[in-house]
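Asker: Below is a structure I'd like to ask you about.
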Amino acid sequence: MSTSTMGDGEEPICDDLCSLAVLDEPSILANIERRYFKQLIYTYVGSILISVNPYRSLPSYYNDETIQKYRGKRLTDEQPHIYAIAEAAYHHMMVAEKDQSVLISGESGAGKTESTKLVLQYLAAVSGSGKDGGGRIHEQVLQCNPVLEAFGNAKTIRNDNSSRFGKFFDIRFSRGGHIVGATIAQYLLEKSRVVSQSTNERNYHIFYQLCAGHKDLPQGSTLHLRPASEFHYLSQSKCFTIDGVNDASELHTTRRCMGGIGISEDTQGKIWRVLAAVLHLGNVTFEDDQDAARVLALSEPALAHAATLLDVKTDALRHALMFRHIKAGGQTFKKPLSSKQATDTRDALSKALYGRLFEWLVDQINQSISNPAGYWHSIGVLDIFGFEIFEHNSLEQMMINYANEKLQQHYNSHVFKQEQAEYQAEGISLESVDFVDNQSCIDLIDKKPLGILSLLDEECKFPQATDGTFLAKIDTHHAKTSPQYTKPLRTTDQFSVKHFAGDVIYVVDGFLEKNKDEFGGDLAALMDSTTSGFVMDLFSASRLASLLSPSTDGMSSPRPTVPEVAEDSPEQARHDRPKGKRGANPRFKTMPKQGSPLDEVSEDVPSGGMVRVGSWGGRSSGVPTNVTVCAQFKLQLLSLMKMLGSTNPHYIRCIKPNDQKNPKMMDAKMLTNQLRYTGILGTIKIRRGGYPVRYQYEDFCQRYSVLQPSLAKKPIPAAKRVPMMLSALGMDRAVHKMGKTKIFFKDTATFEELEARRAKASWKAAAKIQALYRGYRVRRVYARVRQGALLLQRTMRSHCHRSRHIRLKEKALVLQRAIRKAVAIRELARLRAERERNEREMAQVKETAKAKEEAEARKTKDAAEAQAKEAAKAPKASPPSATAPKQAHHPQPTRSIETTHTQHPHTHTTPSFASSTSGKPTHTYKYQYKYSCQQCHGHDHQPTDSPSTADALPNHLRALVKGIMADFKKDLIQKLAAHSPEYSAVLASNHSPNVAGPKYQYKYQYLHPAPEGHPLPASTPSISTTNQKQPSQQPSTPVLVTHSSPSPSAS
């Protein structure tokens, strides 16, 4: 624990009062005072924090840097601070896995509300909302405070921002430590402040904010508001402002926060209408007119405005305020009220409207910030009204002080009673510490059947009971038997109770009326007649169910946003109401059956089977069954104490330094009284001499076995293993005690040292586990990556090989085409050269044949001339006889053969004679012979198919033709074989002109002079062969073949 040093000659300033060298009241007061004037407003008493109200703003004390400074730190690592307590609660929740609570207590004006906001601020900052969180829940939790403060806080004599209700924030966390939701439970709103305030006090903040900033509202003109000084409910105390507070600006903040928690602008407008109606109701005044009250003429506008804002008829509102209907003997009587009674009825309606509105608002906040998905653990923050002692103390102060008595009892039980009882049970000797035990005071107030609150509930059942009869009854039962009760002398309406914080005198005037908190049947009927769905919802039966629930949640299933209330459909609000006789009101219910929430506090409910619920009342065919204010509050307080008992508490004791709100003043007497009755002095003694940290042996072994893993493996009982572990760890025996089932440590420093060593060992073990796991995970990842890489490599290699093969194939095809082209070009060149050679050879053959033919012609001519000469010289022969047959005289012909070949355009240059089945064209040749003779009278004989047609010739030509054809065939084969080897092969296999294959046409004529009587034809025919289908593109190449044979006569 750190200690701040002072100058020379001054005592050191201790952060923890338990570490003071001299432990007495003067030393404690001096240490706190020195710290206060050095702006060190926080001090530790062990794990309990003392917070002194500085009455000034300390912005550097609560910024983000300070939050980060205390985040994750132990309680003693830094200077005392409220953030350290919040961090301790959060850390213990995460480590111990148990619900925590932060209990903030102190007098009114000690700074409880601000401390609550700081704890919530720290929890929201360090936890936030992660992936398992609830989105903006941590922001909405912070936005709840301005709304609740505006509607539930007011200026009092001691505090400018005093909470006039108790609230418990239950902040819920996920396993990851993130805020996932929250709920708020409210306790005992001071509704009497709505209609009256003491001097220098104010009504609730929201009324002054609305009056100052209503012009900025969309519906501001319809509210008919004026300055706060012109409204009776706001002007009684003559206090309208607070120093340093701008109410118009605060209204803007309130509206923004209401929007943040899901309340829409339209719903806000309906809230402003109800608040404005309450203010206008306060301006409705009455005067007595004979035996009945009537509304003053000046109040008629206020009455009309209130009726308009509540959506009821003006006459109906006037009638409900001025008359009361009473049932007696099966008949209903109409009773006029006096001006005082009418004023009380008006105030009852105003308090009911505001009370229902506040409950509705808390309900909507819970629906907005709750999380239906559930939570892991929670941290509760209690901000409840402080102990109050005023000049005039009524029923509200009694219940507030009763709640503080219960909280003080919880503190004493946790710090003192349980401590001493546990030491005795474990056999540890400890000096007894005296403390103020308030159990007798609590019995005086709530013990059955004669406690003050029980007697008050009993008196409320009697129609003729008064505040005087109630006071007489408690005097009878407690004046002589209870040391905590006294009756002041010379008074007839007061009694005194000795509380743990001092004696308080209560005035009984109005006790019964406030406890009944009746809402008359006429007012209930008036609210039934409203056409506003929102107002009708405020008075619906669902408000009763939420009020009677003992749960701290106090809520049904949460919703993310607040639903719109249909202003123009009141039937929707009536939909769920039970039907009954005319005039029956659903707000009047009989007691819930067994199993309901009220069963838990059945002993606190008045006998007779019926109770009263504060603010619920009305007309019914039977007796009204309402729960009283006291019974309701006891129900809520019982639930709160039960919940606190199941958590690990952390205490913050708020101290008020003076009543003047002076930041430079310390009232030693006031400080001493607060330290005494809050139990701080006794806590210092028991913390200093006791053992605040303790563990079960099994829990200790399980938690700290990481420090001695060798001992953890041995089968040794926990009670024997713990001393061995402490000895091995080198712990001093003076700082701990061994009990029967637990080990106790002297101070938190030893515990924190163990925690630090455990955290270090756990970190090392965790690092090793992480390393092993990371290695395992990385190896798995590497194996998957390697497998994927191999697959990728195989795929890429296959792709590359295929691509390379395709490229090579394409290149090979290109190369083959180039080679084939080159070969074809070379072959073409060769064929062209061969053709040219053949053409030259054929030209030579032609020339040779022509020359030979010419030579033969000359020779023949010469022979003919020579023969003619010889004949001329020879003697003339005798003429032939007429009887001798004439022989045909045919001169010996010279046969001239001309062949023609034409290449098909789709074949190679070399002629081909393949059959048609090979895909190449077949060349068909025909031969034709033509001859003329004078004997046949010059007719040409042209057989068209084959030489075998010679058989059809005249007898005198048949032998001649056959001879010519035999010679011609032989000569043709020889000439064509010489022309081309291919022709030779074809003709050799197809030599017969009668078979399928080439066919030839022959033309021939006699070249010798025609014999007498047989002149030659005019033309000179020749024998030739031609292609049957000669293309027109290329000329044919003729080959001339000549052959001589003996004359027919010779043959």
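By convention here, the chains of the structure tokens are called A, B, ... in the order presented, each chain's residues are numbered starting at 1, and ligands are numbered starting at 1 in the order presented.
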Show which residues sit within 8 Å of Asn658 (chain A), as a list in words. Count only C-alpha atoms, and ignore same-chain residues fewer than 3 positions away.
Answerer: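 Once the adjacent positions are removed, what remains is Lys661, Asn662, Met665, Met666, Asp667 and Met670 of chain A.
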Asker: Please produce a file of those selected residues containing all heavy atoms, as a compact mmCIF listing (two decimals), in the first residue's frame.
Answerer:
```txt
# COMPACT_ATOMS: atom_id res chain seq x y z
N LYS A 661 -21.98 22.95 1.53
CA LYS A 661 -21.49 22.64 0.19
C LYS A 661 -20.25 23.46 -0.16
O LYS A 661 -20.06 23.89 -1.29
CB LYS A 661 -22.57 22.88 -0.87
CG LYS A 661 -23.87 22.14 -0.61
CD LYS A 661 -24.95 22.50 -1.61
CE LYS A 661 -26.28 21.85 -1.23
NZ LYS A 661 -27.36 22.25 -2.16
N ASN A 662 -19.40 23.62 0.86
CA ASN A 662 -18.19 24.42 0.71
C ASN A 662 -17.01 23.49 0.43
O ASN A 662 -16.70 22.61 1.24
CB ASN A 662 -17.93 25.22 2.01
CG ASN A 662 -16.83 26.24 1.84
OD1 ASN A 662 -16.01 26.15 0.94
ND2 ASN A 662 -16.81 27.22 2.73
N MET A 665 -14.04 23.40 3.29
CA MET A 665 -14.44 23.30 4.69
C MET A 665 -14.64 21.84 5.05
O MET A 665 -15.20 21.06 4.30
CB MET A 665 -15.73 24.10 4.91
CG MET A 665 -16.27 24.03 6.33
SD MET A 665 -17.79 24.99 6.48
CE MET A 665 -18.23 24.62 8.18
N MET A 666 -14.17 21.48 6.26
CA MET A 666 -14.35 20.13 6.77
C MET A 666 -14.91 20.23 8.18
O MET A 666 -14.27 20.77 9.08
CB MET A 666 -13.01 19.38 6.79
CG MET A 666 -13.08 18.00 7.42
SD MET A 666 -13.96 16.79 6.39
CE MET A 666 -12.73 16.50 5.12
N ASP A 667 -16.12 19.72 8.38
CA ASP A 667 -16.78 19.71 9.68
C ASP A 667 -16.39 18.43 10.40
O ASP A 667 -16.86 17.34 10.07
CB ASP A 667 -18.30 19.80 9.50
CG ASP A 667 -19.04 20.03 10.81
OD1 ASP A 667 -18.48 19.68 11.87
OD2 ASP A 667 -20.17 20.54 10.77
N MET A 670 -19.32 16.42 12.10
CA MET A 670 -20.14 15.71 11.12
C MET A 670 -19.40 14.50 10.55
O MET A 670 -19.98 13.42 10.38
CB MET A 670 -20.55 16.65 9.99
CG MET A 670 -21.35 15.99 8.88
SD MET A 670 -21.80 17.14 7.57
CE MET A 670 -23.01 18.14 8.44
```
Asker: Sorted by chain and rising residue number, list the residues of region 182-251 of chain A at most 12 Å from region 264-288 of chain A (counting only C-alpha atoms), each with its closest atom pair and distance in Å to one decimal, as a Markdown table.
Answerer:
```
| residue | atom | partner | partner_atom | distance |
| --- | --- | --- | --- | --- |
| A:Val194 | CA | A:Val278 | CA | 8.7 |
| A:Val195 | CA | A:Gly282 | CA | 7.4 |
| A:Ser196 | CA | A:Gly282 | CA | 10.1 |
| A:Asn203 | CA | A:Leu279 | CA | 11.0 |
| A:Tyr204 | CA | A:Leu275 | CA | 10.9 |
| A:His205 | CA | A:Leu275 | CA | 11.7 |
| A:Ile206 | CA | A:Leu275 | CA | 8.6 |
| A:Phe207 | CA | A:Leu275 | CA | 7.2 |
| A:Tyr208 | CA | A:Leu279 | CA | 10.6 |
| A:Gln209 | CA | A:Trp272 | CA | 10.8 |
| A:Leu210 | CA | A:Trp272 | CA | 7.7 |
| A:Cys211 | CA | A:Ala276 | CA | 8.9 |
| A:Gly213 | CA | A:Trp272 | CA | 11.4 |
| A:His214 | CA | A:Trp272 | CA | 8.9 |
| A:Asp216 | CA | A:Gly269 | CA | 11.9 |
| A:Leu217 | CA | A:Gly269 | CA | 8.2 |
| A:Pro218 | CA | A:Gly269 | CA | 8.0 |
| A:Gln219 | CA | A:Gly269 | CA | 6.8 |
| A:Gly220 | CA | A:Trp272 | CA | 8.8 |
| A:Ser221 | CA | A:Arg273 | CA | 11.0 |
| A:Thr222 | CA | A:Arg273 | CA | 8.5 |
| A:Leu223 | CA | A:Ala276 | CA | 6.1 |
| A:His224 | CA | A:Ala276 | CA | 7.9 |
| A:Leu225 | CA | A:Ala276 | CA | 7.0 |
| A:Arg226 | CA | A:Leu279 | CA | 10.0 |
| A:Pro227 | CA | A:Leu279 | CA | 11.1 |
| A:Ala228 | CA | A:Leu279 | CA | 9.3 |
| A:Ser229 | CA | A:Leu279 | CA | 11.3 |
| A:Glu230 | CA | A:Asn283 | CA | 8.6 |
| A:Phe231 | CA | A:Asn283 | CA | 6.2 |
| A:His232 | CA | A:Gly282 | CA | 5.6 |
| A:Tyr233 | CA | A:Gly282 | CA | 5.6 |
| A:Leu234 | CA | A:Leu279 | CA | 8.2 |
| A:Ser235 | CA | A:Gly282 | CA | 10.5 |
| A:Gln236 | CA | A:Gly282 | CA | 11.0 |
| A:Leu251 | CA | A:Trp272 | CA | 11.3 |
```
Asker: Save out the residues we just selected, N, CA, C and O atoms, as a tab-separated table (two decimals), in the first residue's frame.
Answerer:
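Resulting contents of selection31.tsv:
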```
chain	number	residue	atom	x	y	z
A	194	VAL	N	-44.16	15.96	-6.00
A	194	VAL	CA	-44.82	16.51	-7.18
A	194	VAL	C	-45.76	17.65	-6.79
A	194	VAL	O	-45.90	18.63	-7.54
A	195	VAL	N	-46.38	17.56	-5.62
A	195	VAL	CA	-47.41	18.55	-5.24
A	195	VAL	C	-46.95	19.51	-4.17
A	195	VAL	O	-47.60	20.54	-3.96
A	196	SER	N	-45.82	19.23	-3.52
A	196	SER	CA	-45.35	20.16	-2.48
A	196	SER	C	-43.86	19.99	-2.26
A	196	SER	O	-43.32	18.88	-2.38
A	203	ASN	N	-39.06	20.97	-7.33
A	203	ASN	CA	-39.74	19.77	-7.82
A	203	ASN	C	-38.74	19.00	-8.69
A	203	ASN	O	-37.55	19.33	-8.77
A	204	TYR	N	-39.20	17.97	-9.36
A	204	TYR	CA	-38.31	17.17	-10.19
A	204	TYR	C	-37.78	18.01	-11.36
A	204	TYR	O	-38.47	18.87	-11.90
A	205	HIS	N	-36.55	17.72	-11.74
A	205	HIS	CA	-35.86	18.55	-12.74
A	205	HIS	C	-36.64	18.69	-14.04
A	205	HIS	O	-36.60	19.74	-14.69
A	206	ILE	N	-37.35	17.63	-14.44
A	206	ILE	CA	-37.96	17.62	-15.76
A	206	ILE	C	-38.99	18.73	-15.92
A	206	ILE	O	-39.18	19.27	-17.02
A	207	PHE	N	-39.68	19.12	-14.84
A	207	PHE	CA	-40.68	20.19	-14.94
A	207	PHE	C	-40.03	21.52	-15.30
A	207	PHE	O	-40.53	22.27	-16.15
A	208	TYR	N	-38.91	21.83	-14.65
A	208	TYR	CA	-38.22	23.09	-14.93
A	208	TYR	C	-37.57	23.07	-16.32
A	208	TYR	O	-37.53	24.09	-17.01
A	209	GLN	N	-37.07	21.89	-16.73
A	209	GLN	CA	-36.53	21.77	-18.08
A	209	GLN	C	-37.61	22.00	-19.13
A	209	GLN	O	-37.38	22.67	-20.15
A	210	LEU	N	-38.80	21.46	-18.88
A	210	LEU	CA	-39.89	21.60	-19.84
A	210	LEU	C	-40.37	23.05	-19.94
A	210	LEU	O	-40.64	23.55	-21.04
A	211	CYS	N	-40.44	23.72	-18.82
A	211	CYS	CA	-40.86	25.13	-18.85
A	211	CYS	C	-39.82	26.01	-19.54
A	211	CYS	O	-40.18	26.99	-20.21
A	213	GLY	N	-37.54	25.01	-21.89
A	213	GLY	CA	-37.21	24.67	-23.27
A	213	GLY	C	-38.38	24.19	-24.10
A	213	GLY	O	-38.16	23.59	-25.16
A	214	HIS	N	-39.61	24.45	-23.68
A	214	HIS	CA	-40.77	23.93	-24.42
A	214	HIS	C	-40.91	24.55	-25.80
A	214	HIS	O	-41.51	23.96	-26.70
A	216	ASP	N	-38.70	24.88	-27.99
A	216	ASP	CA	-37.92	24.11	-28.96
A	216	ASP	C	-38.56	22.79	-29.33
A	216	ASP	O	-38.06	22.08	-30.20
A	217	LEU	N	-39.67	22.45	-28.66
A	217	LEU	CA	-40.34	21.18	-28.94
A	217	LEU	C	-41.26	21.32	-30.15
A	217	LEU	O	-41.86	22.39	-30.37
A	218	PRO	N	-41.43	20.27	-30.95
A	218	PRO	CA	-42.33	20.35	-32.11
A	218	PRO	C	-43.76	20.67	-31.72
A	218	PRO	O	-44.47	21.36	-32.44
A	219	GLN	N	-44.21	20.16	-30.56
A	219	GLN	CA	-45.57	20.40	-30.12
A	219	GLN	C	-45.62	21.38	-28.96
A	219	GLN	O	-46.56	21.37	-28.16
A	220	GLY	N	-44.60	22.24	-28.85
A	220	GLY	CA	-44.52	23.16	-27.72
A	220	GLY	C	-45.71	24.08	-27.58
A	220	GLY	O	-46.16	24.38	-26.46
A	221	SER	N	-46.27	24.54	-28.70
A	221	SER	CA	-47.39	25.49	-28.63
A	221	SER	C	-48.65	24.85	-28.09
A	221	SER	O	-49.52	25.54	-27.55
A	222	THR	N	-48.80	23.54	-28.20
A	222	THR	CA	-50.01	22.86	-27.74
A	222	THR	C	-49.97	22.56	-26.25
A	222	THR	O	-50.98	22.11	-25.70
A	223	LEU	N	-48.82	22.78	-25.62
A	223	LEU	CA	-48.70	22.47	-24.19
A	223	LEU	C	-49.17	23.62	-23.31
A	223	LEU	O	-49.42	23.41	-22.11
A	224	HIS	N	-49.23	24.83	-23.87
A	224	HIS	CA	-49.71	26.02	-23.14
A	224	HIS	C	-48.89	26.25	-21.87
A	224	HIS	O	-49.43	26.54	-20.79
A	225	LEU	N	-47.56	26.10	-22.01
A	225	LEU	CA	-46.69	26.26	-20.85
A	225	LEU	C	-46.24	27.70	-20.70
A	225	LEU	O	-46.17	28.47	-21.67
A	226	ARG	N	-45.90	28.06	-19.46
A	226	ARG	CA	-45.41	29.39	-19.11
A	226	ARG	C	-44.18	29.22	-18.23
A	226	ARG	O	-43.80	28.08	-17.90
A	227	PRO	N	-43.57	30.29	-17.77
A	227	PRO	CA	-42.42	30.14	-16.86
A	227	PRO	C	-42.79	29.36	-15.61
A	227	PRO	O	-43.96	29.31	-15.19
A	228	ALA	N	-41.80	28.75	-14.99
A	228	ALA	CA	-42.04	27.89	-13.83
A	228	ALA	C	-42.67	28.65	-12.67
A	228	ALA	O	-43.44	28.08	-11.89
A	229	SER	N	-42.42	29.94	-12.57
A	229	SER	CA	-42.97	30.72	-11.45
A	229	SER	C	-44.48	30.86	-11.54
A	229	SER	O	-45.12	31.26	-10.55
A	230	GLU	N	-45.08	30.56	-12.67
A	230	GLU	CA	-46.53	30.72	-12.83
A	230	GLU	C	-47.29	29.42	-12.61
A	230	GLU	O	-48.51	29.38	-12.81
A	231	PHE	N	-46.61	28.38	-12.16
A	231	PHE	CA	-47.27	27.11	-11.86
A	231	PHE	C	-47.18	26.85	-10.36
A	231	PHE	O	-46.10	26.96	-9.74
A	232	HIS	N	-48.33	26.50	-9.78
A	232	HIS	CA	-48.40	26.31	-8.33
A	232	HIS	C	-47.48	25.18	-7.86
A	232	HIS	O	-46.84	25.31	-6.80
A	233	TYR	N	-47.40	24.09	-8.61
A	233	TYR	CA	-46.57	22.96	-8.20
A	233	TYR	C	-45.07	23.28	-8.24
A	233	TYR	O	-44.27	22.51	-7.68
A	234	LEU	N	-44.68	24.36	-8.87
A	234	LEU	CA	-43.25	24.70	-9.00
A	234	LEU	C	-42.85	25.93	-8.21
A	234	LEU	O	-41.65	26.22	-8.10
A	235	SER	N	-43.81	26.67	-7.71
A	235	SER	CA	-43.50	27.98	-7.10
A	235	SER	C	-43.67	28.01	-5.59
A	235	SER	O	-43.52	29.07	-4.99
A	236	GLN	N	-43.99	26.89	-4.96
A	236	GLN	CA	-44.24	26.91	-3.53
A	236	GLN	C	-42.97	27.20	-2.72
A	236	GLN	O	-43.02	27.86	-1.69
A	251	LEU	N	-32.78	19.97	-21.02
A	251	LEU	CA	-33.88	19.33	-21.74
A	251	LEU	C	-33.40	18.75	-23.06
A	251	LEU	O	-33.82	17.64	-23.45
```
Asker: In Å, with one decimal, what is the gap from CA of Leu120 (chain A) to CA of Phe169 (chain A)?
Answerer: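 Straight-line distance from CA of Leu120 (chain A) to CA of Phe169 (chain A) works out to 8.8 Å.
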Asker: Do you have the CA of Ala86 (chain A)-CA of Arg703 (chain A) distance handy?
Answerer: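 So the answer is 23.4 Å.
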Asker: If you take only C-alpha atoms and a cut-off of 10 Å, which residues of region 346-414 of chain A touch region 512-524 of chain A, and what are their nearest atom pairs and distances in Å to one decimal, in chain and number order, as JSON lines?
Answerer:
```
{"residue": "A:Arg346", "atom": "CA", "partner": "A:Leu523", "partner_atom": "CA", "distance": 9.4}
{"residue": "A:Ala348", "atom": "CA", "partner": "A:Phe519", "partner_atom": "CA", "distance": 6.7}
{"residue": "A:Leu349", "atom": "CA", "partner": "A:Leu523", "partner_atom": "CA", "distance": 7.1}
{"residue": "A:Lys351", "atom": "CA", "partner": "A:Asp517", "partner_atom": "CA", "distance": 9.3}
{"residue": "A:Ala352", "atom": "CA", "partner": "A:Phe519", "partner_atom": "CA", "distance": 7.4}
{"residue": "A:Ser394", "atom": "CA", "partner": "A:Lys514", "partner_atom": "CA", "distance": 9.4}
{"residue": "A:Leu395", "atom": "CA", "partner": "A:Lys514", "partner_atom": "CA", "distance": 7.3}
{"residue": "A:Glu396", "atom": "CA", "partner": "A:Lys514", "partner_atom": "CA", "distance": 8.7}
```
Asker: Quick one: residues within 10 Å of Asp509 (chain A), only C-alpha atoms counted, chain neighbours fewer than 5 positions away excluded, as an mmCIF file with C-alpha atoms, in the first residue's frame?
Answerer:
```
data_model
loop_
_atom_site.group_PDB
_atom_site.id
_atom_site.type_symbol
_atom_site.label_atom_id
_atom_site.label_comp_id
_atom_site.auth_asym_id
_atom_site.auth_seq_id
_atom_site.Cartn_x
_atom_site.Cartn_y
_atom_site.Cartn_z
ATOM 1 C CA ASN A 393 -40.071 13.812 8.664
ATOM 2 C CA SER A 394 -43.011 11.864 7.316
ATOM 3 C CA LEU A 395 -43.704 8.360 6.030
ATOM 4 C CA THR A 466 -56.918 8.058 11.851
ATOM 5 C CA ASP A 467 -53.325 9.106 12.270
ATOM 6 C CA GLY A 468 -54.086 9.676 15.967
ATOM 7 C CA LEU A 471 -49.939 6.837 17.025
ATOM 8 C CA ASP A 493 -48.559 13.803 16.588
ATOM 9 C CA GLN A 494 -44.899 12.741 16.820
ATOM 10 C CA LYS A 514 -49.875 8.161 2.145
#
```
Asker: Could you work out how far CA of Lys327 (chain A) lies from CA of Thr530 (chain A), giving the answer in Å with one decimal?
Answerer: 23.8 Å
Asker: Between A:Asp862, A:Glu25, A:Glu405, A:Glu250, which is the closest to Asp443 (chain A) once you count only C-alpha atoms?
Answerer: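 So, comparing all the options, the nearest one is A:Glu405.
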Asker: Neighbouring residues of Ala316 (chain A) were defined as those with any atom within 8 Å, considering only C-alpha atoms; residues of the same chain fewer than 4 positions away were excluded. Please report them as a count of residues only.
Answerer: 3
Asker: Among region 258-477 of chain A, which ones does DSSP place in helix (DSSP H, G or I), written as a PyMOL selection string?
Answerer: chain A and resi 258-260+265-282+297-310+314-322+339-369+395-426+439-446+452-459+467-477
Asker: Between A:His410, A:His377, A:Lys447, A:Lys809, which residue has the minimum interatomic distance to Pro649 (chain A), considering only C-alpha atoms?
Answerer: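 Ranking A:His410, A:His377, A:Lys447, A:Lys809 by distance to Pro649 (chain A), first place goes to A:His410.
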Asker: Report as a list of chain:residue names all protein, DNA and RNA residues lying within 7 Å of region 28-32 of chain A, evaluated on only C-alpha atoms, omitting residues in the same chain fewer than 5 positions from it.
Answerer: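 The residues satisfying every condition are A:Ile13, A:Cys14, A:Leu17.
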Asker: Export C-alpha atoms of the chosen residues as a JSON list (two decimals), in the first residue's frame?
Answerer:
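Full text of result-v5.json as output:
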```
[["chain", "number", "residue", "atom", "x", "y", "z"],
["A", 13, "ILE", "CA", -0.65, 10.57, 4.57],
["A", 14, "CYS", "CA", -1.77, 6.95, 4.41],
["A", 17, "LEU", "CA", -6.45, 3.80, 7.27]]
```
Asker: Using 7 Å as the limit and counting only C-alpha atoms, can you tabulate each residue of region 616-680 of chain A that touches region 107-113 of chain A, with its shortest atom-to-atom distance in Å and the two atoms involved, as a tab-separated table?
Answerer:
```
residue	atom	partner	partner_atom	distance
A:Cys654	CA	A:Ala110	CA	5.3
A:Ile655	CA	A:Ala110	CA	5.2
A:Lys656	CA	A:Ala110	CA	4.4
```
Asker: Which parts of region 730-829 of chain A does DSSP call strand (DSSP E) when run on the backbone here, written out as a list in words?
Answerer: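 Put together, the selection reads His736, Lys737, Met738, Lys742, Ile743, Phe744 and Phe745 of chain A.
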Asker: Name the closest residue to Ala89 (chain A) among the candidates A:Ser454, A:Ser101, A:Ser19, A:Thr481; distances are taken between atoms, counting only C-alpha atoms.
Answerer: A:Ser101
